[in-house]
Every structure is written in structure tokens, then in C-alpha cells.
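Q: Would you mind keeping the following structure in view while I ask a few things?
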Amino acid sequence: MKFLCITISIKCRKLINLSSVLVLLLTIISCGSQNNILKQEKPKDLKYFESFIWSKNTDSVIIINKNNLRRIYKNTETGKDVYFDFLRSYSIQLTAINPISKELSFSERAYIAAYVVEYLYKCREKLEKEDTYKDSDFVYRLLVPRYANRYNRELKANDYYGLKLLKKHHIEHYFQYPEEDTIPSIKRRSD
């Protein structure tokens, strides 16, 4: 009986060691595949790309996927790279008068747009001089006259979410627009 228990114990240890090695191998393999995700998966449309950039947790709090943004930065070599192009297009649609994510509040859109613009500037630093987007000022997405003052208040209230490039470019290009209520040329239906 004692011999049987020892034999079973040895087999269990071998099985545990083997399963540990297998788990370790699978982990290593999956880590390697994460670095190539941008090369393997091409986004279908901006809605699909949006899920690549951010999500909401169970408490409906926006979670920015910084790892994917870093991957876009790491893999961007030209302004024609697919993910850089999607990031650029998404920033335009996110801050448009009729935004792609209509279910988001203005504050949530500002938060997401801040990260998107920050990473556009990071990618821009890697581009060659002759690249079309090398001198682009992506912060202008946040400076559309209709929303510039709101974005300004939102960004300043949150200290630019700690995003240094966004802060630098926003402060450099922002100027105060008069509020819509103070512009005499706007005709109101109630007048």
C-alpha cells in the first residue's frame, strides 16, 4: 500500500510539473502574439476600431486601452499605416458635430479624444519629414469653434489627463471664442 501511495505521489508531481511547463509555454506564446496583433487583424470600420481603443467597465466607467495605443505608436512608420489612419479618422469622427459615439457624454468624448490626440502626436514624431502628416496639428479637432470653449474647460479641469503633448499643443493653439449667446449675428427662433 505504501508503495502504491509513493507511486501515485510521484505521478502527481510529474503531472503538476508538466502542466506548469505547459501553462508557461502557452503564456510565452500568447505574449508573442500580442505584439503582432496590429499586423494580423485589420480593423473593419471605425466602430470596430473604437472597441480597440476604449471600453466601459461594469460601472460604466471609460477604460482607455493604453496597450493598444502604445502598439499603434510602436508600429507606426508612415502616415499611411492602417492603424494610424484609423486613429486619425477616429479622432475626426469622435469630435465631429455628429460624433460616431453618440451615446457618450461630452466629458467622456473629451477624455477619449484627449488620448487619441496624444497618441497621434506621439506617432507624428516618428514620421519622416516628407510624410503628409508630419506637420499636422491634430489638436484642432478639439478647437472647432462650436466646442473649443467646452473642450478647453474640460481639459483644464482634468489637468489634460496628464497628457503632456496634448497640453503643450492645446495651450499653443487655443484661444477663447465668444460664447454663442454673445454673438449678435446668430438669429434665434425666439427673436
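Residues are named by chain letter and number: chains run A, B, ... in the order of the C-alpha cells, numbers start at 1 in each chain, and ligands are numbered from 1 in the order shown.
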With only C-alpha atoms as the counted atoms, please give the residues lying no more than 8 Å from segment 154-171 of chain A, apart from itself and same-chain residues fewer than 2 positions off, as a ChimeraX atom specification.
A: /A:107,110-111,114-115,117-118,121-122,137,139,150-152,173-174
Q: Could you write out the selected residues, including all heavy atoms, as a compact mmCIF listing (two decimals), in the first residue's frame?
A:
# COMPACT_ATOMS: atom_id res chain seq x y z
N SER A 107 -18.11 64.89 -21.78
CA SER A 107 -16.92 64.65 -20.95
C SER A 107 -16.23 63.34 -21.32
O SER A 107 -15.00 63.27 -21.36
CB SER A 107 -17.28 64.63 -19.47
OG SER A 107 -17.72 65.89 -19.06
N ALA A 110 -14.50 63.84 -24.63
CA ALA A 110 -13.30 64.66 -24.43
C ALA A 110 -12.16 63.81 -23.87
O ALA A 110 -11.01 63.94 -24.29
CB ALA A 110 -13.60 65.83 -23.50
N TYR A 111 -12.48 62.93 -22.94
CA TYR A 111 -11.48 62.05 -22.33
C TYR A 111 -10.86 61.13 -23.37
O TYR A 111 -9.64 61.00 -23.47
CB TYR A 111 -12.14 61.25 -21.20
CG TYR A 111 -11.26 60.25 -20.52
CD1 TYR A 111 -10.14 60.65 -19.79
CD2 TYR A 111 -11.56 58.89 -20.58
CE1 TYR A 111 -9.34 59.72 -19.14
CE2 TYR A 111 -10.76 57.96 -19.92
CZ TYR A 111 -9.66 58.39 -19.21
OH TYR A 111 -8.86 57.46 -18.58
N ALA A 114 -8.84 63.10 -25.98
CA ALA A 114 -7.56 63.55 -25.43
C ALA A 114 -6.49 62.49 -25.64
O ALA A 114 -5.38 62.79 -26.10
CB ALA A 114 -7.71 63.88 -23.95
N TYR A 115 -6.82 61.24 -25.34
CA TYR A 115 -5.85 60.16 -25.53
C TYR A 115 -5.55 59.91 -27.01
O TYR A 115 -4.41 59.66 -27.40
CB TYR A 115 -6.32 58.87 -24.86
CG TYR A 115 -5.93 58.81 -23.41
CD1 TYR A 115 -6.78 59.28 -22.43
CD2 TYR A 115 -4.68 58.34 -23.02
CE1 TYR A 115 -6.41 59.27 -21.09
CE2 TYR A 115 -4.30 58.31 -21.70
CZ TYR A 115 -5.17 58.78 -20.73
OH TYR A 115 -4.79 58.76 -19.42
N VAL A 117 -5.70 62.08 -29.50
CA VAL A 117 -4.87 63.18 -30.00
C VAL A 117 -3.45 63.06 -29.45
O VAL A 117 -2.47 63.27 -30.18
CB VAL A 117 -5.51 64.55 -29.65
CG1 VAL A 117 -4.54 65.69 -29.90
CG2 VAL A 117 -6.78 64.74 -30.46
N GLU A 118 -3.29 62.69 -28.19
CA GLU A 118 -1.96 62.50 -27.60
C GLU A 118 -1.16 61.48 -28.41
O GLU A 118 0.01 61.71 -28.75
CB GLU A 118 -2.09 62.02 -26.15
CG GLU A 118 -0.79 61.63 -25.49
CD GLU A 118 0.04 62.80 -24.99
OE1 GLU A 118 -0.41 63.95 -25.08
OE2 GLU A 118 1.15 62.55 -24.49
N TYR A 121 -0.01 62.65 -31.83
CA TYR A 121 1.22 63.46 -31.74
C TYR A 121 2.45 62.58 -31.49
O TYR A 121 3.51 62.84 -32.04
CB TYR A 121 1.10 64.53 -30.65
CG TYR A 121 0.41 65.77 -31.15
CD1 TYR A 121 -0.84 66.13 -30.67
CD2 TYR A 121 1.00 66.57 -32.13
CE1 TYR A 121 -1.48 67.26 -31.14
CE2 TYR A 121 0.36 67.70 -32.61
CZ TYR A 121 -0.88 68.05 -32.11
OH TYR A 121 -1.51 69.16 -32.59
N LYS A 122 2.29 61.55 -30.68
CA LYS A 122 3.43 60.65 -30.46
C LYS A 122 3.83 59.98 -31.77
O LYS A 122 5.02 59.89 -32.09
CB LYS A 122 3.08 59.58 -29.42
CG LYS A 122 3.08 60.10 -28.01
CD LYS A 122 2.83 59.00 -27.02
CE LYS A 122 2.91 59.54 -25.61
NZ LYS A 122 2.96 58.52 -24.60
N ASP A 137 -1.47 69.40 -37.13
CA ASP A 137 -1.82 69.80 -35.78
C ASP A 137 -3.16 69.14 -35.42
O ASP A 137 -4.23 69.69 -35.65
CB ASP A 137 -1.92 71.32 -35.66
CG ASP A 137 -0.56 71.96 -35.62
OD1 ASP A 137 0.33 71.44 -34.92
OD2 ASP A 137 -0.36 73.00 -36.29
N VAL A 139 -4.53 68.70 -32.69
CA VAL A 139 -5.28 69.34 -31.60
C VAL A 139 -6.44 70.18 -32.15
O VAL A 139 -7.39 70.46 -31.43
CB VAL A 139 -4.34 70.19 -30.71
CG1 VAL A 139 -3.95 71.49 -31.39
CG2 VAL A 139 -4.95 70.43 -29.35
N ARG A 150 -15.75 74.53 -24.58
CA ARG A 150 -16.13 73.37 -23.74
C ARG A 150 -14.96 72.41 -23.57
O ARG A 150 -14.70 71.94 -22.47
CB ARG A 150 -17.32 72.62 -24.36
CG ARG A 150 -18.63 73.35 -24.16
CD ARG A 150 -19.78 72.58 -24.74
NE ARG A 150 -20.11 71.42 -23.93
CZ ARG A 150 -20.95 70.47 -24.31
NH1 ARG A 150 -21.55 70.54 -25.47
NH2 ARG A 150 -21.20 69.44 -23.52
N TYR A 151 -14.25 72.13 -24.67
CA TYR A 151 -13.06 71.27 -24.56
C TYR A 151 -12.02 71.93 -23.68
O TYR A 151 -11.38 71.27 -22.86
CB TYR A 151 -12.46 70.97 -25.94
CG TYR A 151 -13.13 69.85 -26.68
CD1 TYR A 151 -13.78 70.07 -27.88
CD2 TYR A 151 -13.11 68.55 -26.18
CE1 TYR A 151 -14.39 69.03 -28.57
CE2 TYR A 151 -13.72 67.51 -26.86
CZ TYR A 151 -14.36 67.76 -28.05
OH TYR A 151 -14.96 66.73 -28.72
N ASN A 152 -11.85 73.23 -23.83
CA ASN A 152 -10.88 73.94 -23.01
C ASN A 152 -11.21 73.79 -21.53
O ASN A 152 -10.33 73.45 -20.73
CB ASN A 152 -10.84 75.42 -23.40
CG ASN A 152 -9.76 76.16 -22.65
OD1 ASN A 152 -8.61 75.75 -22.62
ND2 ASN A 152 -10.14 77.26 -22.01
N HIS A 173 -2.15 76.42 -29.27
CA HIS A 173 -3.09 76.77 -30.34
C HIS A 173 -4.44 77.31 -29.87
O HIS A 173 -5.19 77.87 -30.67
CB HIS A 173 -3.34 75.55 -31.24
CG HIS A 173 -2.13 75.12 -31.99
ND1 HIS A 173 -1.63 75.82 -33.05
CD2 HIS A 173 -1.30 74.06 -31.80
CE1 HIS A 173 -0.55 75.21 -33.51
NE2 HIS A 173 -0.34 74.14 -32.77
N TYR A 174 -4.79 77.14 -28.60
CA TYR A 174 -6.12 77.54 -28.14
C TYR A 174 -6.22 79.04 -27.97
O TYR A 174 -5.31 79.70 -27.50
CB TYR A 174 -6.45 76.87 -26.81
CG TYR A 174 -7.75 77.36 -26.23
CD1 TYR A 174 -8.95 76.93 -26.76
CD2 TYR A 174 -7.78 78.29 -25.20
CE1 TYR A 174 -10.16 77.40 -26.26
CE2 TYR A 174 -8.97 78.76 -24.69
CZ TYR A 174 -10.16 78.31 -25.24
OH TYR A 174 -11.35 78.78 -24.75
Q: So that I can check the surroundings of Pro99 of chain A, please list as a list in words every protein, DNA and RNA residue that reaches within 12 Å of it, counting only C-alpha atoms and ignoring chain neighbours fewer than 2 positions away.
A: Leu46, Lys47, Ser89, Tyr90, Ser91, Ile92, Gln93, Leu94, Thr95, Ala96, Ile97, Ser101, Lys102, Glu103, Leu104, Ser105, Phe106, Glu108, Arg109, Ala110, Ala113 and Arg141 of chain A
Q: With distances taken over only C-alpha atoms, which of A:Asp131, A:Asp45, A:Leu87, A:Asn57 is nearest to Tyr73 of chain A?
A: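 Ranked by minimum distance to Tyr73 of chain A, first place goes to A:Leu87.
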Q: Using atom CA of Asn67 of chain A and atom CA of Phe84 of chain A as the two end points, give the distance in Å to one decimal.
A: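 If I compute the distance from atom CA of Asn67 of chain A to atom CA of Phe84 of chain A, I get 14.6 Å.
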Q: Quick check, in Å to one decimal: how far apart do atom CA of Cys123 of chain A and atom CA of Phe86 of chain A lie?
A: 12.6 Å
Q: Please measure the separation of atom CA of Glu172 of chain A and atom CA of Glu77 of chain A, giving the value in Å to one decimal.
A: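 Straight-line distance from atom CA of Glu172 of chain A to atom CA of Glu77 of chain A works out to 26.1 Å.
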Q: Can you check which residues of segment 20-183 of chain A DSSP gives as strand (DSSP E or B) on the backbone and send them as a VMD selection string?
A: chain A and resid 54 to 56 62 to 64
Q: Using DSSP assignments from the backbone, pull out every residue in segment 63-182 of chain A that falls under helix (DSSP H, G or I) and give it to me as an mmCIF file with C-alpha atoms, in the first residue's frame.
A:
data_model
loop_
_atom_site.group_PDB
_atom_site.id
_atom_site.type_symbol
_atom_site.label_atom_id
_atom_site.label_comp_id
_atom_site.auth_asym_id
_atom_site.auth_seq_id
_atom_site.Cartn_x
_atom_site.Cartn_y
_atom_site.Cartn_z
ATOM 1 C CA LYS A 66 -3.292 52.223 -23.456
ATOM 2 C CA ASN A 67 -1.570 48.996 -24.519
ATOM 3 C CA ASN A 68 -3.273 49.128 -27.910
ATOM 4 C CA LEU A 69 -2.464 52.824 -28.275
ATOM 5 C CA ARG A 70 1.172 52.036 -27.467
ATOM 6 C CA ARG A 71 1.116 49.260 -30.076
ATOM 7 C CA ILE A 72 -0.180 51.697 -32.677
ATOM 8 C CA TYR A 73 2.621 54.088 -31.750
ATOM 9 C CA LYS A 74 5.233 51.333 -31.833
ATOM 10 C CA ASN A 75 4.091 50.023 -35.227
ATOM 11 C CA VAL A 82 -3.611 51.316 -41.380
ATOM 12 C CA TYR A 83 -3.938 51.782 -37.632
ATOM 13 C CA PHE A 84 -2.508 55.314 -37.691
ATOM 14 C CA ASP A 85 -5.016 56.165 -40.414
ATOM 15 C CA PHE A 86 -7.859 54.695 -38.363
ATOM 16 C CA LEU A 87 -6.671 56.619 -35.283
ATOM 17 C CA ARG A 88 -6.626 59.846 -37.304
ATOM 18 C CA SER A 89 -10.059 59.172 -38.824
ATOM 19 C CA TYR A 90 -11.484 58.198 -35.468
ATOM 20 C CA SER A 91 -10.280 61.455 -33.900
ATOM 21 C CA ILE A 92 -12.137 63.395 -36.580
ATOM 22 C CA GLN A 93 -15.360 61.406 -36.147
ATOM 23 C CA LEU A 94 -15.182 61.461 -32.352
ATOM 24 C CA PHE A 106 -19.318 65.286 -23.855
ATOM 25 C CA SER A 107 -16.918 64.648 -20.946
ATOM 26 C CA GLU A 108 -16.440 61.027 -21.989
ATOM 27 C CA ARG A 109 -15.786 62.029 -25.602
ATOM 28 C CA ALA A 110 -13.299 64.659 -24.428
ATOM 29 C CA TYR A 111 -11.480 62.054 -22.326
ATOM 30 C CA ILE A 112 -11.207 59.587 -25.216
ATOM 31 C CA ALA A 113 -10.326 62.314 -27.731
ATOM 32 C CA ALA A 114 -7.558 63.549 -25.433
ATOM 33 C CA TYR A 115 -5.845 60.156 -25.532
ATOM 34 C CA VAL A 116 -6.374 59.748 -29.260
ATOM 35 C CA VAL A 117 -4.869 63.177 -29.997
ATOM 36 C CA GLU A 118 -1.960 62.499 -27.604
ATOM 37 C CA TYR A 119 -1.063 59.314 -29.463
ATOM 38 C CA LEU A 120 -1.445 60.987 -32.843
ATOM 39 C CA TYR A 121 1.223 63.458 -31.738
ATOM 40 C CA LYS A 122 3.425 60.645 -30.460
ATOM 41 C CA CYS A 123 3.132 58.879 -33.808
ATOM 42 C CA ARG A 124 3.776 62.141 -35.652
ATOM 43 C CA GLU A 125 7.195 62.378 -34.002
ATOM 44 C CA LYS A 126 8.214 59.126 -35.725
ATOM 45 C CA PHE A 138 -4.228 67.158 -34.531
ATOM 46 C CA VAL A 139 -5.279 69.337 -31.604
ATOM 47 C CA TYR A 140 -7.502 71.301 -33.993
ATOM 48 C CA ARG A 141 -10.052 68.513 -33.588
ATOM 49 C CA LEU A 142 -10.569 69.955 -30.105
ATOM 50 C CA ALA A 148 -13.484 74.838 -28.315
ATOM 51 C CA ASN A 149 -14.506 76.547 -25.077
ATOM 52 C CA ARG A 150 -16.131 73.368 -23.743
ATOM 53 C CA TYR A 151 -13.065 71.275 -24.563
ATOM 54 C CA ASN A 152 -10.880 73.941 -23.013
ATOM 55 C CA ARG A 153 -12.858 73.857 -19.741
ATOM 56 C CA GLU A 154 -12.922 70.056 -19.743
ATOM 57 C CA LEU A 155 -9.200 69.650 -20.417
ATOM 58 C CA LYS A 156 -8.159 72.282 -17.886
ATOM 59 C CA ALA A 157 -10.494 70.907 -15.211
ATOM 60 C CA ASP A 159 -5.305 68.886 -15.976
ATOM 61 C CA TYR A 160 -5.196 67.461 -19.501
ATOM 62 C CA TYR A 161 -5.435 63.943 -18.015
ATOM 63 C CA GLY A 162 -1.675 64.101 -17.504
ATOM 64 C CA LYS A 164 1.954 66.261 -21.930
ATOM 65 C CA LEU A 165 1.853 66.501 -25.732
ATOM 66 C CA LEU A 166 -1.853 67.298 -25.706
ATOM 67 C CA LYS A 167 -1.328 70.017 -23.107
ATOM 68 C CA LYS A 168 1.612 71.534 -24.996
ATOM 69 C CA HIS A 169 -0.234 71.715 -28.315
ATOM 70 C CA HIS A 170 -3.553 72.775 -26.824
ATOM 71 C CA ILE A 171 -2.028 75.675 -24.906
ATOM 72 C CA GLU A 172 -0.061 76.671 -28.007
ATOM 73 C CA HIS A 173 -3.091 76.773 -30.340
ATOM 74 C CA GLU A 180 -22.689 81.556 -28.767
ATOM 75 C CA ASP A 181 -25.122 83.560 -26.658
ATOM 76 C CA THR A 182 -22.955 86.678 -27.013
#
Q: Smallest atom-to-atom distance to Thr132 of chain A: which of A:Lys44, A:Lys80, A:Ile63, A:Lys56, using only C-alpha atoms?
A: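 So, comparing all the options, the nearest one is A:Lys80.
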Q: Find the residue from A:Ile100, A:Tyr147, A:Gly79, A:Asp59 that sits nearest to Lys134 of chain A; use only C-alpha atoms when measuring.
A: A:Gly79
